[in-house]
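Notes follow the structure.
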Amino acid sequence: MILKTTLYGLKTAVKGLLLTVRHFFAAGKKRENLDIRSDNYFDQQQGTVTIQFPKQKMPLPEVARYQLDVEIADCIVCDLCAKACPVDCIAIESIKSPDVIGKTSDGSVKRLYAEKFEIDMAKCMYCGLCTVVCPTECITMTDQYDRTTTKLTDLIYGFGEMSDKEIAQRKEEWTRFQAEKEAAKTKK
Amino acid sequence: MHELLSHIIPPFAIFIFIAGFTLFAVYAERKIAGFVQDRLGPNETGKYGSLQTIADILKLLQKEFITPTVADKVLFALAPIVIFIAVYIGFSVIPWAPGFSPANTHTGLFFIMAVISIDALGILMAGWGSNNKYSLLGSIRAIAQMLSYEIPIGLSLIAVVMLSQTLNLNDIAFNQGILATEDIKFIGIWRVNEIGGLLAWNIFQAPHLLFVYVIFFIATLAECNRAPFDIPEAESELIGGFHTEYGGIRFAFVFLAEYAMMFLVSMLGAVLFLGAWNTPLPNIGALQLATWTTGLYWGIFWTLFKSVIIVGVQMWIRWTLPRFRADQLMNLCWKILIPTAFVGMAISGLWRILVMV
């Protein structure tokens with residue numbers, strides 16, 4: 001019994017050793033075909049697979065889903081993405097506007113200014129829920145994944161485009177509008 | 001003065017050789033590991049990563065001595081020294097070339113077995129001194145393993161000594177080539193004193209030694225705590241085993257001892273079975289290959305060549321086979337290797353009486 005096990009062990013050990021030595025001598029070659037979409041990708045079993053990252057990159061599909069990007073002109077500041085985010089990495093603050101501001105490219109009406117629209121990529125877990133709930137599809141995942149930085153705060157991406165002056169102005173407009181409305185109400 | 005120098009230079013030379021070999025072997029090991037697993041291995045530090053191990057050792061040398069608060073300070077500090085010295089002394093009796101060995105003693109083989117056993121003591125000191133359950137478990141496993149596997153090693157050595165009738169490693173080496181002082185016969189029939197080469201090696205003088213060599217090789221793998229017998233430092237279960245708590249230069253010495261041990265057992269195997277410093281090329285008529293490739297420098301070259309190849313095989317095995325379980329390890333030793341080694345020893349005895357008369 002134990003003799004049989006040992007002989008079997010020796011036999012399989014030799015088999016394994018022959019397998020590894022084949023890989024050892026094939027290590028001079030590199031696997032050239034890096035694109036997993038090509039038909040013969042899995043035919044290559046010999047050669048090193050290491051990708052020397054900054055010097056060499058894997059081809060990505062067009063639908064690659066990496067870091068988030070916001071087309072702020074299309075954003076209606078509905079805050080749905082921030083509510084959907086499981087890790088709360090999106091921070092949005094809005095200012096109401098007395099009138100319709102404009103229309104997005106798909107025809108939705110914009111009534112809010114985006115005072116602040118920040119995404120903390122360090123917290124993001126790339127689940128893509130924010131892109132699903134977005135009614136105007138202005139928040140998307142891009143094929144950018146390499147934004148190495150030495151400062152953690154560099155990973156907080158700000159998409160709001162309003163200057164401090166503009167923010168103050170819009171806030172003031174809204175307070176004035178509300179005050180006027182109050183005044184009209186009390187007059188009646 | 002002259003005599004004093006001759007006592008000082010060899011130990012220094014051997015130490016420098018061990019250090020240099022370890023740097024090379026660690027690099028080779030990482031490269032082999034990479035290639036076997038279809039990776040590249042170290043390739044950023046220097047050309048093809050060749051300066052990687054030098055950078056590693058410089059880092060280790062700069063590190064602080066850290067002793068755990070509850071550790072046994074004396075044992076903890078002494079253990080790496082004991083482990084290294086046990087292996088280091090082993091090098092003192094192994095011949096490198098014809099008449100070129102640090103010490104020519106009549107009991108060289110016995111001496112090696114005696115000092116290598118001290119290694120187990122050092123490992124126990126390291127494990128106990130660390131006062132860490134993983135270290136202690138690792139060293140307990142190491143002791144159990146090393147003590148068990150010394151028996152098949154001893155038995156396979158006896159199989160050789162029965163044929164060579166000497167414990168002097170120099171004499172064993174001489175009688176495996178064209179410089180033999182006794183009659184040597186290929187498979188016990190054909191006198192090959194003048195032909196030498198491959199045919200005069202111990203494993204070809206008595207073919208059953210080939211199987212004994214396999215036993216010796218497996219058992220020495222276990223003796224150096226190398227995979228697939230690396231349960232004393234099983235990374236996935238015991239963190240680092242007996243050297244978990246070590247860092248800096250102390251860890252470097254434990255590491256140095258491991259690689260020195262690999263080279264030592266490879267060299268011992270080469271001396272006992274694979275013709276020591278004798279050339280593998282035989283004399284064929286006018287083509288005196290064996291005579292041309294025997295000498296001081298050739299001897300050193302062949303010793304290094306054979307040992308490095310065996311070390312390479314050890315690494316190859318390490319990156320192929322998974323680790324043994326403790327009970328499988330003991331089964332292999334006590335139920336397979338020791339009985340087989342006994343059979344080898346018995347055949348050696350019969351061979352000596354019936355064939356070598």
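Each chain in the structure tokens gets a letter, A, B, ..., in the order shown, and its residues are numbered from 1; ligands are numbered from 1 in order too.
Among the residues of region 72-172 of chain A, backbone DSSP assigns helix (DSSP H, G or I) to A:Ile72, A:Ala73, A:Asp74, A:Leu80, A:Cys81, A:Ala82, A:Lys83, A:Ala84, A:Leu129, A:Cys130, A:Thr131, A:Val132, A:Val133, A:Leu152, A:Thr153, A:Asp154, A:Leu155, A:Asp164, A:Lys165, A:Glu166, A:Ile167, A:Ala168, A:Gln169, A:Arg170, A:Lys171, A:Glu172.
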Just-selected residues, N, CA and C atoms written as a PDB file, in the first residue's frame:
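The file below, selection.pdb, is the result:
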ATOM      1  N   ILE A  72     -20.149  67.734 -16.853  1.00  0.00           N
ATOM      2  CA  ILE A  72     -20.933  68.585 -15.937  1.00  0.00           C
ATOM      3  C   ILE A  72     -22.003  69.389 -16.676  1.00  0.00           C
ATOM      4  N   ALA A  73     -21.798  69.643 -17.975  1.00  0.00           N
ATOM      5  CA  ALA A  73     -22.799  70.394 -18.730  1.00  0.00           C
ATOM      6  C   ALA A  73     -24.111  69.616 -18.851  1.00  0.00           C
ATOM      7  N   ASP A  74     -24.013  68.278 -18.781  1.00  0.00           N
ATOM      8  CA  ASP A  74     -25.210  67.447 -18.898  1.00  0.00           C
ATOM      9  C   ASP A  74     -25.837  67.117 -17.551  1.00  0.00           C
ATOM     10  N   LEU A  80     -28.783  61.762  -7.478  1.00  0.00           N
ATOM     11  CA  LEU A  80     -29.072  60.314  -7.437  1.00  0.00           C
ATOM     12  C   LEU A  80     -27.801  59.488  -7.322  1.00  0.00           C
ATOM     13  N   CYS A  81     -26.749  59.913  -8.029  1.00  0.00           N
ATOM     14  CA  CYS A  81     -25.498  59.137  -7.988  1.00  0.00           C
ATOM     15  C   CYS A  81     -24.930  59.106  -6.574  1.00  0.00           C
ATOM     16  N   ALA A  82     -24.979  60.276  -5.894  1.00  0.00           N
ATOM     17  CA  ALA A  82     -24.446  60.321  -4.536  1.00  0.00           C
ATOM     18  C   ALA A  82     -25.256  59.427  -3.613  1.00  0.00           C
ATOM     19  N   LYS A  83     -26.586  59.336  -3.859  1.00  0.00           N
ATOM     20  CA  LYS A  83     -27.426  58.467  -3.021  1.00  0.00           C
ATOM     21  C   LYS A  83     -27.173  57.008  -3.329  1.00  0.00           C
ATOM     22  N   ALA A  84     -26.887  56.693  -4.599  1.00  0.00           N
ATOM     23  CA  ALA A  84     -26.682  55.302  -4.981  1.00  0.00           C
ATOM     24  C   ALA A  84     -25.330  54.771  -4.515  1.00  0.00           C
ATOM     25  N   LEU A 129     -22.629  51.746  -9.924  1.00  0.00           N
ATOM     26  CA  LEU A 129     -24.045  52.012  -9.641  1.00  0.00           C
ATOM     27  C   LEU A 129     -24.431  53.439  -9.994  1.00  0.00           C
ATOM     28  N   CYS A 130     -23.506  54.393  -9.801  1.00  0.00           N
ATOM     29  CA  CYS A 130     -23.812  55.790 -10.088  1.00  0.00           C
ATOM     30  C   CYS A 130     -24.113  55.967 -11.575  1.00  0.00           C
ATOM     31  N   THR A 131     -23.388  55.248 -12.431  1.00  0.00           N
ATOM     32  CA  THR A 131     -23.633  55.392 -13.867  1.00  0.00           C
ATOM     33  C   THR A 131     -24.980  54.796 -14.252  1.00  0.00           C
ATOM     34  N   VAL A 132     -25.444  53.807 -13.453  1.00  0.00           N
ATOM     35  CA  VAL A 132     -26.721  53.174 -13.778  1.00  0.00           C
ATOM     36  C   VAL A 132     -27.890  54.105 -13.464  1.00  0.00           C
ATOM     37  N   VAL A 133     -27.798  54.786 -12.310  1.00  0.00           N
ATOM     38  CA  VAL A 133     -28.952  55.586 -11.891  1.00  0.00           C
ATOM     39  C   VAL A 133     -29.019  56.950 -12.580  1.00  0.00           C
ATOM     40  N   LEU A 152      -2.736  61.962  -1.405  1.00  0.00           N
ATOM     41  CA  LEU A 152      -4.036  61.296  -1.397  1.00  0.00           C
ATOM     42  C   LEU A 152      -5.124  62.236  -1.891  1.00  0.00           C
ATOM     43  N   THR A 153      -5.001  63.524  -1.563  1.00  0.00           N
ATOM     44  CA  THR A 153      -6.062  64.470  -1.937  1.00  0.00           C
ATOM     45  C   THR A 153      -6.116  64.685  -3.448  1.00  0.00           C
ATOM     46  N   ASP A 154      -5.045  64.328  -4.160  1.00  0.00           N
ATOM     47  CA  ASP A 154      -5.083  64.432  -5.619  1.00  0.00           C
ATOM     48  C   ASP A 154      -6.124  63.492  -6.211  1.00  0.00           C
ATOM     49  N   LEU A 155      -6.539  62.502  -5.425  1.00  0.00           N
ATOM     50  CA  LEU A 155      -7.500  61.543  -5.948  1.00  0.00           C
ATOM     51  C   LEU A 155      -8.941  62.013  -5.790  1.00  0.00           C
ATOM     52  N   ASP A 164     -15.794  80.849  -7.177  1.00  0.00           N
ATOM     53  CA  ASP A 164     -16.343  81.308  -5.900  1.00  0.00           C
ATOM     54  C   ASP A 164     -17.267  82.513  -6.104  1.00  0.00           C
ATOM     55  N   LYS A 165     -16.845  83.369  -7.025  1.00  0.00           N
ATOM     56  CA  LYS A 165     -17.631  84.569  -7.295  1.00  0.00           C
ATOM     57  C   LYS A 165     -19.016  84.193  -7.833  1.00  0.00           C
ATOM     58  N   GLU A 166     -19.005  83.292  -8.771  1.00  0.00           N
ATOM     59  CA  GLU A 166     -20.250  82.849  -9.400  1.00  0.00           C
ATOM     60  C   GLU A 166     -21.171  82.199  -8.365  1.00  0.00           C
ATOM     61  N   ILE A 167     -20.564  81.376  -7.485  1.00  0.00           N
ATOM     62  CA  ILE A 167     -21.351  80.712  -6.448  1.00  0.00           C
ATOM     63  C   ILE A 167     -22.040  81.739  -5.579  1.00  0.00           C
ATOM     64  N   ALA A 168     -21.251  82.756  -5.154  1.00  0.00           N
ATOM     65  CA  ALA A 168     -21.815  83.797  -4.287  1.00  0.00           C
ATOM     66  C   ALA A 168     -22.964  84.507  -5.000  1.00  0.00           C
ATOM     67  N   GLN A 169     -22.729  84.749  -6.278  1.00  0.00           N
ATOM     68  CA  GLN A 169     -23.741  85.462  -7.068  1.00  0.00           C
ATOM     69  C   GLN A 169     -25.031  84.651  -7.158  1.00  0.00           C
ATOM     70  N   ARG A 170     -24.902  83.366  -7.484  1.00  0.00           N
ATOM     71  CA  ARG A 170     -26.093  82.513  -7.634  1.00  0.00           C
ATOM     72  C   ARG A 170     -26.829  82.351  -6.323  1.00  0.00           C
ATOM     73  N   LYS A 171     -26.058  82.251  -5.224  1.00  0.00           N
ATOM     74  CA  LYS A 171     -26.684  82.119  -3.906  1.00  0.00           C
ATOM     75  C   LYS A 171     -27.499  83.366  -3.592  1.00  0.00           C
ATOM     76  N   GLU A 172     -26.863  84.486  -3.896  1.00  0.00           N
ATOM     77  CA  GLU A 172     -27.527  85.758  -3.632  1.00  0.00           C
ATOM     78  C   GLU A 172     -28.803  85.877  -4.455  1.00  0.00           C
TER      79      GLU A 172
END
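Interface residues on chain A toward chain B (cut-off 9 Å, only C-alpha atoms): Ile2, Leu3, Thr6, Ala13, Gly16, Leu17, Leu19, Thr20, Val21, Arg22, His23, Phe24, Phe25, Ala26, Ala27, Gly28, Gln46, Gly47, Thr48, Val49 and Thr50 of chain A.
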### Task
List the neighbours of Met261 (chain B) out to 10 Å using only C-alpha atoms; skip same-chain residues closer than 5 positions along the sequence, and give me the result as an MDAnalysis selection string.
chainID B and resid 18 83:84 86:88 90:91 116 119 220:221 223:225 255:256 266:267
Expected file: the selected residues, C-alpha atoms, as a JSON list (two decimals), in the first residue's frame:
[["chain", "number", "residue", "atom", "x", "y", "z"],
["B", 18, "ILE", "CA", 29.90, 31.00, 1.01],
["B", 83, "ILE", "CA", 23.34, 27.58, 12.99],
["B", 84, "PHE", "CA", 25.86, 29.17, 10.67],
["B", 86, "ALA", "CA", 27.65, 24.28, 12.34],
["B", 87, "VAL", "CA", 27.36, 24.39, 8.58],
["B", 88, "TYR", "CA", 30.51, 26.43, 8.07],
["B", 90, "GLY", "CA", 31.36, 21.21, 7.69],
["B", 91, "PHE", "CA", 33.24, 22.76, 4.79],
["B", 116, "ILE", "CA", 25.95, 19.15, 10.85],
["B", 119, "ASP", "CA", 22.57, 22.74, 13.18],
["B", 220, "THR", "CA", 19.59, 15.84, 2.33],
["B", 221, "LEU", "CA", 16.77, 17.94, 0.91],
["B", 223, "GLU", "CA", 18.12, 17.96, 6.14],
["B", 224, "CYS", "CA", 18.45, 21.47, 4.65],
["B", 225, "ASN", "CA", 14.74, 22.14, 5.32],
["B", 255, "PHE", "CA", 19.75, 32.55, 5.36],
["B", 256, "LEU", "CA", 23.47, 32.19, 4.72],
["B", 266, "SER", "CA", 25.50, 18.94, -2.78],
["B", 267, "MET", "CA", 29.26, 18.88, -2.53]]
### Query
Hey, what's within 10 Å of region 125-128 of chain A if we count only C-alpha atoms and toss same-chain stuff fewer than 4 positions away? As a PyMOL selection string, please?
chain A and resi 65-68+81+84-87+89+121+132-133+139-141
### Query
Could you name the residues that touch Lys57 (chain A) at 12 Å or less, counting only C-alpha atoms, but leaving out those on the same chain fewer than 6 positions away, as JSON, numbers by chain?
{"A": [32, 33, 34, 35, 50, 51, 145, 146]}
### Query
In Å, how far is it from CA of Ile338 (chain B) to CA of Pro152 (chain B)?
5.1 Å
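By chain and then residue number, the residues within 9 Å of Asn193 (chain B) are B:Asn175, B:Gln176, B:Gly177, B:Ile178, B:Leu179, B:Ala180, B:Thr181, B:Glu182, B:Asp183, B:Ile184, B:Lys185, B:Ala200, counting only C-alpha atoms and disregarding those fewer than 4 positions away in sequence.
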Could you write out that same residue set with C-alpha atoms as a CSV table (one decimal), in the first residue's frame?
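Below is the file that was written, result.csv:
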chain,number,residue,atom,x,y,z
B,175,ASN,CA,39.6,6.4,-5.7
B,176,GLN,CA,37.1,7.6,-8.3
B,177,GLY,CA,39.4,8.6,-11.1
B,178,ILE,CA,42.6,8.2,-12.9
B,179,LEU,CA,44.6,9.1,-9.8
B,180,ALA,CA,43.3,6.1,-7.9
B,181,THR,CA,45.7,4.3,-5.6
B,182,GLU,CA,43.6,1.1,-5.6
B,183,ASP,CA,42.2,-1.0,-8.4
B,184,ILE,CA,38.8,0.5,-9.5
B,185,LYS,CA,36.4,-1.4,-11.7
B,200,ALA,CA,35.2,5.5,-12.5
## Note on the structure
One residue among B:Leu238, B:Ala77, B:Ile203, B:Val160 is nearest to Asn132 (chain B) when using only C-alpha atoms, and that residue is B:Leu238
### Task
Quick one: pull the distance between CA of Asn202 (chain B) and CA of Met345 (chain B), Å, one decimal.
14.2 Å
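If only C-alpha atoms are the atoms counted, then among B:Leu4, B:Ala290, B:Ile94, B:Val355 the closest residue to Phe263 (chain B) is B:Ile94.
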### Who sits within 7 Å of Phe324 (chain B), only C-alpha atoms, same chain under 5 positions skipped, as a list in words
Pro228, Phe229 and Leu329 of chain B
### Message
One number please: CA of Ile92 (chain A) to CA of Ile76 (chain A), in Å, one decimal.
### Response
11.4 Å
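With distances restricted to only C-alpha atoms, B:Leu264 is the closest residue to Phe17 (chain B) from B:Leu264, B:Ala326, B:Leu155, B:Leu109.
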### Task
Using DSSP on the backbone coordinates, identify all residues within region 68-228 of chain B classified as strand (DSSP E); present the result as an MDAnalysis selection string.
chainID B and resid 185:186 190:191
Output the selection as a PDB file, in the first residue's frame - N, CA and C atoms for each residue.
ATOM      1  N   LYS B 185      37.015  -0.635 -10.597  1.00  0.00           N
ATOM      2  CA  LYS B 185      36.407  -1.369 -11.700  1.00  0.00           C
ATOM      3  C   LYS B 185      35.035  -0.829 -12.027  1.00  0.00           C
ATOM      4  N   PHE B 186      34.767  -0.650 -13.313  1.00  0.00           N
ATOM      5  CA  PHE B 186      33.451  -0.224 -13.769  1.00  0.00           C
ATOM      6  C   PHE B 186      32.477  -1.384 -13.608  1.00  0.00           C
ATOM      7  N   TRP B 190      35.278  -4.291 -15.125  1.00  0.00           N
ATOM      8  CA  TRP B 190      36.229  -3.740 -16.079  1.00  0.00           C
ATOM      9  C   TRP B 190      37.141  -2.743 -15.370  1.00  0.00           C
ATOM     10  N   ARG B 191      38.445  -2.991 -15.328  1.00  0.00           N
ATOM     11  CA  ARG B 191      39.382  -2.124 -14.622  1.00  0.00           C
ATOM     12  C   ARG B 191      39.505  -0.802 -15.391  1.00  0.00           C
TER      13      ARG B 191
END
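Counting only C-alpha atoms, the residue from B:Trp334, B:Phe216, B:Phe24, B:Tyr48 that sits nearest to Ser148 (chain B) is B:Trp334.
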